[in-house]
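Engineer: Got a structure here, written out as structure tokens. Questions coming.
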Amino acid sequence: MKLARDTGLVFQRYFSLFIHNPAWVAVGVLQPALYLLLFAPLLKSIARVPGFPAGGAYNVFVPGLLIQLGLFGAAGVGFSLISELRLGIVERLRVTPVSRLSLLLGRALRDVLTLFVQALILVALALPFGLSFKPVGILIGLGLVALIGLLVASISYALALALKDENSFAPIIFTASLPLLLLSGVLLPMSLAPSWLRTISTLNPFSHAVSANRAVFLGHLANPNVLQGVIIMGVLAAFAVWFAARSFGRAIS
Amino acid sequence: MSEQPSGREKVISVHGLRRVFKSRKSSVEAVAGIDLEVYAAEIFGFLGPNGAGKTTTLRMLATLLPPTSGDATVVGQDLLRHPGEVRRRIGYVGQRGGADLEITGRHELVFEARLYGISRAEARARAAELIVTLELESCADRKVSTYSGGQRRRLDVGVGLVHKPQLLFLDEPTTGLDPQSRARMWDEVRKLRDEGTTVFITTHYLEEADALCNRLAIIDHGKIVAEGTPNELKRAVAGDLVTVGVTGDVDAALRLLKPQPFVREASVEGSELRLYVDHGETATPNILRLLDTAGLGLATVALSRPSLDDVFLRSTGRSLRESDSA
């Protein structure tokens, strides 16, 4: 039907722009790769500390790293939209019958695809370090990355459409991402945190995604964290998609 | 005020269209209640300085911006109730164009066509057709970032036309173009009109409005201050100006010529007599004969036609050339 067709057209357009510019894949994967190569080894000694989740340093770190990838990787997608606003592209597309939702989804799906490629690269890099996981873990993990990608990309696009300017957009994106990362348990698990910090982190939806992904990588699908994490991210992603599609419907260059 | 082209279909009909922009501190009435009609297969122009409300009006009619109040019927569809139906039938070329720099012109044309439900094969054919019509053969398969200003604008117009709309909106289509590209664009627009497309153009260039438009409306501070064909507007305001340099008694010349039936207004400036007349071509020989018969010597005579700037000046108290620094 029309939404599928329109989304397919928009996705194709942004995908071909991506294919001709594969450098972006490398740029996006660089930051998490550095954490993997230069930070994760430090966890090996901490892994024996009581309070550190079971499973081994990399099996605990990598699922969290994928969540970080989703958060930081998708946060910056709004920059390209700001350039497009300036070129009059958004205005031009809005005059056509194309669905507003597909203007968002076509882009967001391209962003999710980018995240998938980057996630697989990270997992491949971690294997020689001793990462082990159940196959179902990777699948659900990618699913969580997809939800986070949709959530964060939608927020990034909605913000870009509202602010229309890199100078106001950049500080917000960068300032918001850091506390979200620190309170998510990616770098060091929240189980090591004092209780007040742990409480605050439960307010951060990403901390639930991290717990879910860790459980899933170890194959503990029955762990309630899994369902909790998926539902929280799913609901937030759905709301963000709806909100951003609405913003596309009202955008003026 | 203007003559109604009888029996012609109305492509745009607007009543009381208003748009207010609210910010934290103030609200600005960009469009303050306008009424207008645009007929099929004409080039209709909106002439006014920057900030007059031209682009805001265009955006409302192209369904990009909801009006604060008022209503409009565009290509037979209610603008407020069926914007989707309006979108299928119109093309819009904004001031900034809308083509992505990293895509080839051909791909942009094909993509746009497909957004209207046109099949891939037909979209390719249509793109090829437009590339020839708009003389983009040399650059169609290169990235838009490599295009000259004129090529870019022609591509933008092509993107607006790819689905053969009944009505095309062009927002300042020749701003920033060199004279040659501008002349080419004018030819394109005239061709479109001759083929039956209605074109609604905004501009702040007098010559453009004068040269292109069948009818135009002059807009200032969000209101229409004059409307009609370029000739009607000019005649209504000023008539032709005959400037006579009199060697003898200027005041006597004034007393002689002022009451003449073909003279609308007469005034003296230094040793020159300024006469506004209905038709300069017939008035000038009369003036010369009268002055000669009365024995009043004349040294120079000049005939100038009114311009749209005179119309603007008369309607708003400002010159369009001065009020606009672009």
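Identifiers in this document derive from the order of the structure tokens: chains are assigned A, B, ..., residues are numbered from 1 separately in each chain, and ligands are numbered from 1 in order of occurrence.
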If you take only C-alpha atoms and a cut-off of 8 Å, which residues of chain B touch chain A, and what are their nearest atom pairs and distances in Å to one decimal, in chain and number order, as CSV?

Structural biologist:
residue,atom,partner,partner_atom,distance
B:Ala62,CA,A:Val95,CA,6.7
B:Thr63,CA,A:Val95,CA,6.8
B:Leu64,CA,A:Val95,CA,6.7
B:Leu65,CA,A:Arg250,CA,7.4
B:Gly84,CA,A:Pro97,CA,6.3
B:Arg87,CA,A:Thr96,CA,5.7
B:Arg88,CA,A:Pro97,CA,6.1
B:Gly91,CA,A:Val95,CA,7.6
B:Tyr92,CA,A:Val95,CA,7.0
B:Val93,CA,A:Arg92,CA,7.3
B:Gly94,CA,A:Gly88,CA,7.1
B:Gln95,CA,A:Gly88,CA,7.9
B:Arg96,CA,A:Gly88,CA,5.3
B:Gly97,CA,A:Gly88,CA,5.8
B:Gly98,CA,A:Ile89,CA,4.0
B:Ala99,CA,A:Ile89,CA,6.1
B:Asp100,CA,A:Ile89,CA,6.8
B:Glu102,CA,A:Leu17,CA,7.4
B:Ile103,CA,A:Leu17,CA,7.8
B:Phe111,CA,A:Leu9,CA,7.6
B:Arg114,CA,A:Leu9,CA,7.8
B:Leu115,CA,A:Val98,CA,5.8
B:Tyr116,CA,A:Pro97,CA,6.4

Engineer: Please, could you write that set of residues out with N, CA and C atoms as a PDB file, in the first residue's frame?

Structural biologist:
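The resulting again_30.pdb:
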ATOM      1  N   ALA B  62       0.237  26.395  -1.481  1.00  0.00           N
ATOM      2  CA  ALA B  62       0.858  25.121  -1.868  1.00  0.00           C
ATOM      3  C   ALA B  62       0.736  24.082  -0.757  1.00  0.00           C
ATOM      4  N   THR B  63      -0.059  24.336   0.237  1.00  0.00           N
ATOM      5  CA  THR B  63      -0.360  23.463   1.386  1.00  0.00           C
ATOM      6  C   THR B  63       0.794  23.272   2.349  1.00  0.00           C
ATOM      7  N   LEU B  64       1.809  24.124   2.284  1.00  0.00           N
ATOM      8  CA  LEU B  64       2.939  23.971   3.196  1.00  0.00           C
ATOM      9  C   LEU B  64       2.676  24.593   4.558  1.00  0.00           C
ATOM     10  N   LEU B  65       1.787  25.566   4.590  1.00  0.00           N
ATOM     11  CA  LEU B  65       1.584  26.350   5.804  1.00  0.00           C
ATOM     12  C   LEU B  65       0.080  26.513   5.986  1.00  0.00           C
ATOM     13  N   GLY B  84      -4.441  17.110   0.327  1.00  0.00           N
ATOM     14  CA  GLY B  84      -3.829  16.017  -0.427  1.00  0.00           C
ATOM     15  C   GLY B  84      -4.208  16.069  -1.893  1.00  0.00           C
ATOM     16  N   ARG B  87      -2.281  18.799  -3.580  1.00  0.00           N
ATOM     17  CA  ARG B  87      -0.875  18.441  -3.830  1.00  0.00           C
ATOM     18  C   ARG B  87      -0.683  17.636  -5.104  1.00  0.00           C
ATOM     19  N   ARG B  88      -1.656  16.765  -5.419  1.00  0.00           N
ATOM     20  CA  ARG B  88      -1.503  15.949  -6.618  1.00  0.00           C
ATOM     21  C   ARG B  88      -1.483  16.775  -7.888  1.00  0.00           C
ATOM     22  N   GLY B  91       2.452  21.993  -8.845  1.00  0.00           N
ATOM     23  CA  GLY B  91       3.901  21.889  -8.721  1.00  0.00           C
ATOM     24  C   GLY B  91       4.373  23.114  -7.971  1.00  0.00           C
ATOM     25  N   TYR B  92       5.488  22.998  -7.275  1.00  0.00           N
ATOM     26  CA  TYR B  92       5.966  24.116  -6.470  1.00  0.00           C
ATOM     27  C   TYR B  92       7.474  24.177  -6.571  1.00  0.00           C
ATOM     28  N   VAL B  93       7.987  25.336  -6.904  1.00  0.00           N
ATOM     29  CA  VAL B  93       9.433  25.516  -6.954  1.00  0.00           C
ATOM     30  C   VAL B  93       9.777  26.641  -5.989  1.00  0.00           C
ATOM     31  N   GLY B  94      10.342  26.300  -4.832  1.00  0.00           N
ATOM     32  CA  GLY B  94      10.652  27.288  -3.813  1.00  0.00           C
ATOM     33  C   GLY B  94      11.861  28.126  -4.191  1.00  0.00           C
ATOM     34  N   GLN B  95      12.126  29.123  -3.381  1.00  0.00           N
ATOM     35  CA  GLN B  95      13.263  29.998  -3.644  1.00  0.00           C
ATOM     36  C   GLN B  95      14.572  29.250  -3.638  1.00  0.00           C
ATOM     37  N   ARG B  96      14.653  28.240  -2.771  1.00  0.00           N
ATOM     38  CA  ARG B  96      15.915  27.528  -2.669  1.00  0.00           C
ATOM     39  C   ARG B  96      15.955  26.277  -3.528  1.00  0.00           C
ATOM     40  N   GLY B  97      14.919  26.024  -4.266  1.00  0.00           N
ATOM     41  CA  GLY B  97      14.979  24.890  -5.188  1.00  0.00           C
ATOM     42  C   GLY B  97      14.506  23.593  -4.584  1.00  0.00           C
ATOM     43  N   GLY B  98      15.396  22.785  -4.078  1.00  0.00           N
ATOM     44  CA  GLY B  98      14.956  21.533  -3.493  1.00  0.00           C
ATOM     45  C   GLY B  98      15.627  20.307  -4.044  1.00  0.00           C
ATOM     46  N   ALA B  99      16.675  20.455  -4.836  1.00  0.00           N
ATOM     47  CA  ALA B  99      17.383  19.276  -5.321  1.00  0.00           C
ATOM     48  C   ALA B  99      18.571  18.992  -4.405  1.00  0.00           C
ATOM     49  N   ASP B 100      18.826  17.715  -4.168  1.00  0.00           N
ATOM     50  CA  ASP B 100      19.970  17.343  -3.332  1.00  0.00           C
ATOM     51  C   ASP B 100      21.251  17.467  -4.147  1.00  0.00           C
ATOM     52  N   GLU B 102      24.032  15.864  -3.916  1.00  0.00           N
ATOM     53  CA  GLU B 102      24.800  14.643  -4.175  1.00  0.00           C
ATOM     54  C   GLU B 102      24.100  13.681  -5.125  1.00  0.00           C
ATOM     55  N   ILE B 103      23.023  14.139  -5.728  1.00  0.00           N
ATOM     56  CA  ILE B 103      22.267  13.268  -6.628  1.00  0.00           C
ATOM     57  C   ILE B 103      22.347  13.860  -8.030  1.00  0.00           C
ATOM     58  N   PHE B 111      12.938  10.298  -9.231  1.00  0.00           N
ATOM     59  CA  PHE B 111      12.439  10.134  -7.863  1.00  0.00           C
ATOM     60  C   PHE B 111      11.159  10.933  -7.647  1.00  0.00           C
ATOM     61  N   ARG B 114       8.154   9.397  -9.269  1.00  0.00           N
ATOM     62  CA  ARG B 114       7.660   8.195  -8.590  1.00  0.00           C
ATOM     63  C   ARG B 114       6.862   8.530  -7.351  1.00  0.00           C
ATOM     64  N   LEU B 115       7.153   9.694  -6.745  1.00  0.00           N
ATOM     65  CA  LEU B 115       6.374  10.090  -5.563  1.00  0.00           C
ATOM     66  C   LEU B 115       4.923  10.352  -5.909  1.00  0.00           C
ATOM     67  N   TYR B 116       4.658  10.615  -7.196  1.00  0.00           N
ATOM     68  CA  TYR B 116       3.280  10.859  -7.626  1.00  0.00           C
ATOM     69  C   TYR B 116       2.614   9.586  -8.105  1.00  0.00           C
TER      70      TYR B 116
END

Engineer: With only C-alpha atoms as the counted atoms, please give the residues lying no more than 10 Å from region 140-146 of chain B, apart from itself and same-chain residues fewer than 6 positions off, as a CSV table (one decimal) with C-alpha atoms, in the first residue's frame.

Structural biologist:
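Heads up, here's the output in out-v7.csv:
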chain,number,residue,atom,x,y,z
B,99,ALA,CA,17.4,19.3,-5.3
B,100,ASP,CA,20.0,17.3,-3.3
B,101,LEU,CA,23.5,18.2,-4.2
B,102,GLU,CA,24.8,14.6,-4.2
B,103,ILE,CA,22.3,13.3,-6.6
B,104,THR,CA,22.2,13.6,-10.4
B,105,GLY,CA,19.5,15.7,-12.0
B,106,ARG,CA,18.1,12.7,-13.8
B,107,HIS,CA,17.7,10.8,-10.5
B,108,GLU,CA,16.0,13.7,-8.9
B,109,LEU,CA,13.5,13.9,-11.7
B,127,ALA,CA,12.7,12.7,-17.0
B,128,ALA,CA,14.3,12.2,-20.4
B,131,ILE,CA,16.0,17.0,-19.8
B,132,VAL,CA,15.7,17.8,-23.5
B,152,ARG,CA,20.1,24.3,-11.1
B,155,LEU,CA,16.3,21.5,-12.9

Engineer: Could you tell me, as a PyMOL selection string, which residues of region 66-136 of chain A DSSP assigns to alpha helix (DSSP H) when given the backbone?

Structural biologist: chain A and resi 66-75+78-87+89-95+100-126+135-136

Engineer: For each of B:Leu134, B:Lys10, B:Tyr147, B:Val159, take the minimum atom-to-atom distance to Val189 (chain B), counting only C-alpha atoms, then give the residue where this is smallest.

Structural biologist: B:Leu134

Engineer: Pick out the residues sitting within 12 Å of Ser181 (chain B), and hand them over as a PyMOL selection string; count only C-alpha atoms, and ignore anything fewer than 2 positions along from it in its own chain.

Structural biologist: chain B and resi 134-135+148-154+173-179+183-188

Engineer: Taking only C-alpha atoms into account, which of B:Val250, B:Ile287, B:Glu112, B:Ser119 comes nearest Val157 (chain B)?

Structural biologist: B:Glu112

Engineer: Between CA of Leu131 (chain A) and CA of Ala33 (chain A), what is the spacing in Å?

Structural biologist: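 So the answer is 14.1 Å.
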
Engineer: Got a sec to tell me which of region 109-186 of chain B DSSP assigns to strand (DSSP E), as a PyMOL selection string?

Structural biologist: chain B and resi 167-171

Engineer: Quick one: of B:Ala113, B:Val244, B:Leu298, B:Val86, who's nearest to Leu273 (chain B), counting only C-alpha atoms?

Structural biologist: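 Smallest separation from Leu273 (chain B) among the options: B:Val244.
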
Engineer: I'd like the interatomic distance between CA of Ile46 (chain A) and CA of Gly141 (chain A), to a tenth of an Å.

Structural biologist: 24.2 Å

Engineer: Could you name the residues that touch region 154-161 of chain A at 10 Å or less, counting only C-alpha atoms, but leaving out those on the same chain fewer than 3 positions away, as an NGL selection string?

Structural biologist: :A and (74-83 or 85 or 90 or 104-105 or 107-108 or 148-151 or 164-166 or 168-170 or 172-173 or 237-248 or 250-253)

Engineer: Skip Leu127 (chain A) itself and residues of its chain fewer than 3 positions away, then list as a compact mmCIF listing (two decimals) with N, CA and C atoms, in the first residue's frame all residues within 12 Å of it, counting only C-alpha atoms.

Structural biologist:
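In the end it all went to around_29.txt:
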# COMPACT_ATOMS: atom_id res chain seq x y z
N LEU A 36 36.08 -0.55 22.82
CA LEU A 36 36.26 -2.00 22.84
C LEU A 36 37.73 -2.35 22.98
N LEU A 37 38.54 -1.67 22.22
CA LEU A 37 39.95 -2.02 22.18
C LEU A 37 40.75 -1.44 23.34
N TYR A 58 33.91 -9.32 28.61
CA TYR A 58 33.41 -8.94 27.30
C TYR A 58 31.94 -9.28 27.10
N ASN A 59 31.50 -10.40 27.70
CA ASN A 59 30.09 -10.76 27.57
C ASN A 59 29.20 -9.77 28.30
N VAL A 62 30.13 -5.96 25.87
CA VAL A 62 29.72 -5.80 24.46
C VAL A 62 28.23 -5.54 24.27
N LEU A 120 27.53 -5.38 13.75
CA LEU A 120 28.16 -6.64 13.36
C LEU A 120 29.67 -6.50 13.31
N ILE A 121 30.13 -5.31 12.90
CA ILE A 121 31.57 -5.08 12.90
C ILE A 121 32.12 -5.15 14.32
N LEU A 122 31.40 -4.52 15.26
CA LEU A 122 31.86 -4.53 16.65
C LEU A 122 31.89 -5.93 17.22
N VAL A 123 30.83 -6.69 16.95
CA VAL A 123 30.78 -8.06 17.47
C VAL A 123 31.94 -8.87 16.89
N ALA A 124 32.19 -8.70 15.60
CA ALA A 124 33.30 -9.43 14.97
C ALA A 124 34.63 -9.06 15.61
N GLY A 130 37.33 -12.87 23.24
CA GLY A 130 36.68 -13.82 24.14
C GLY A 130 35.19 -13.61 24.27
N LEU A 131 34.59 -12.85 23.37
CA LEU A 131 33.14 -12.69 23.43
C LEU A 131 32.47 -13.99 23.01
N SER A 132 31.50 -14.42 23.82
CA SER A 132 30.72 -15.58 23.40
C SER A 132 29.25 -15.25 23.64
N PHE A 133 28.39 -15.74 22.78
CA PHE A 133 26.98 -15.40 22.92
C PHE A 133 26.14 -16.49 22.28

Engineer: Quick one: pull the distance between CA of Leu43 (chain A) and CA of Leu71 (chain A), Å, one decimal.

Structural biologist: 21.6 Å
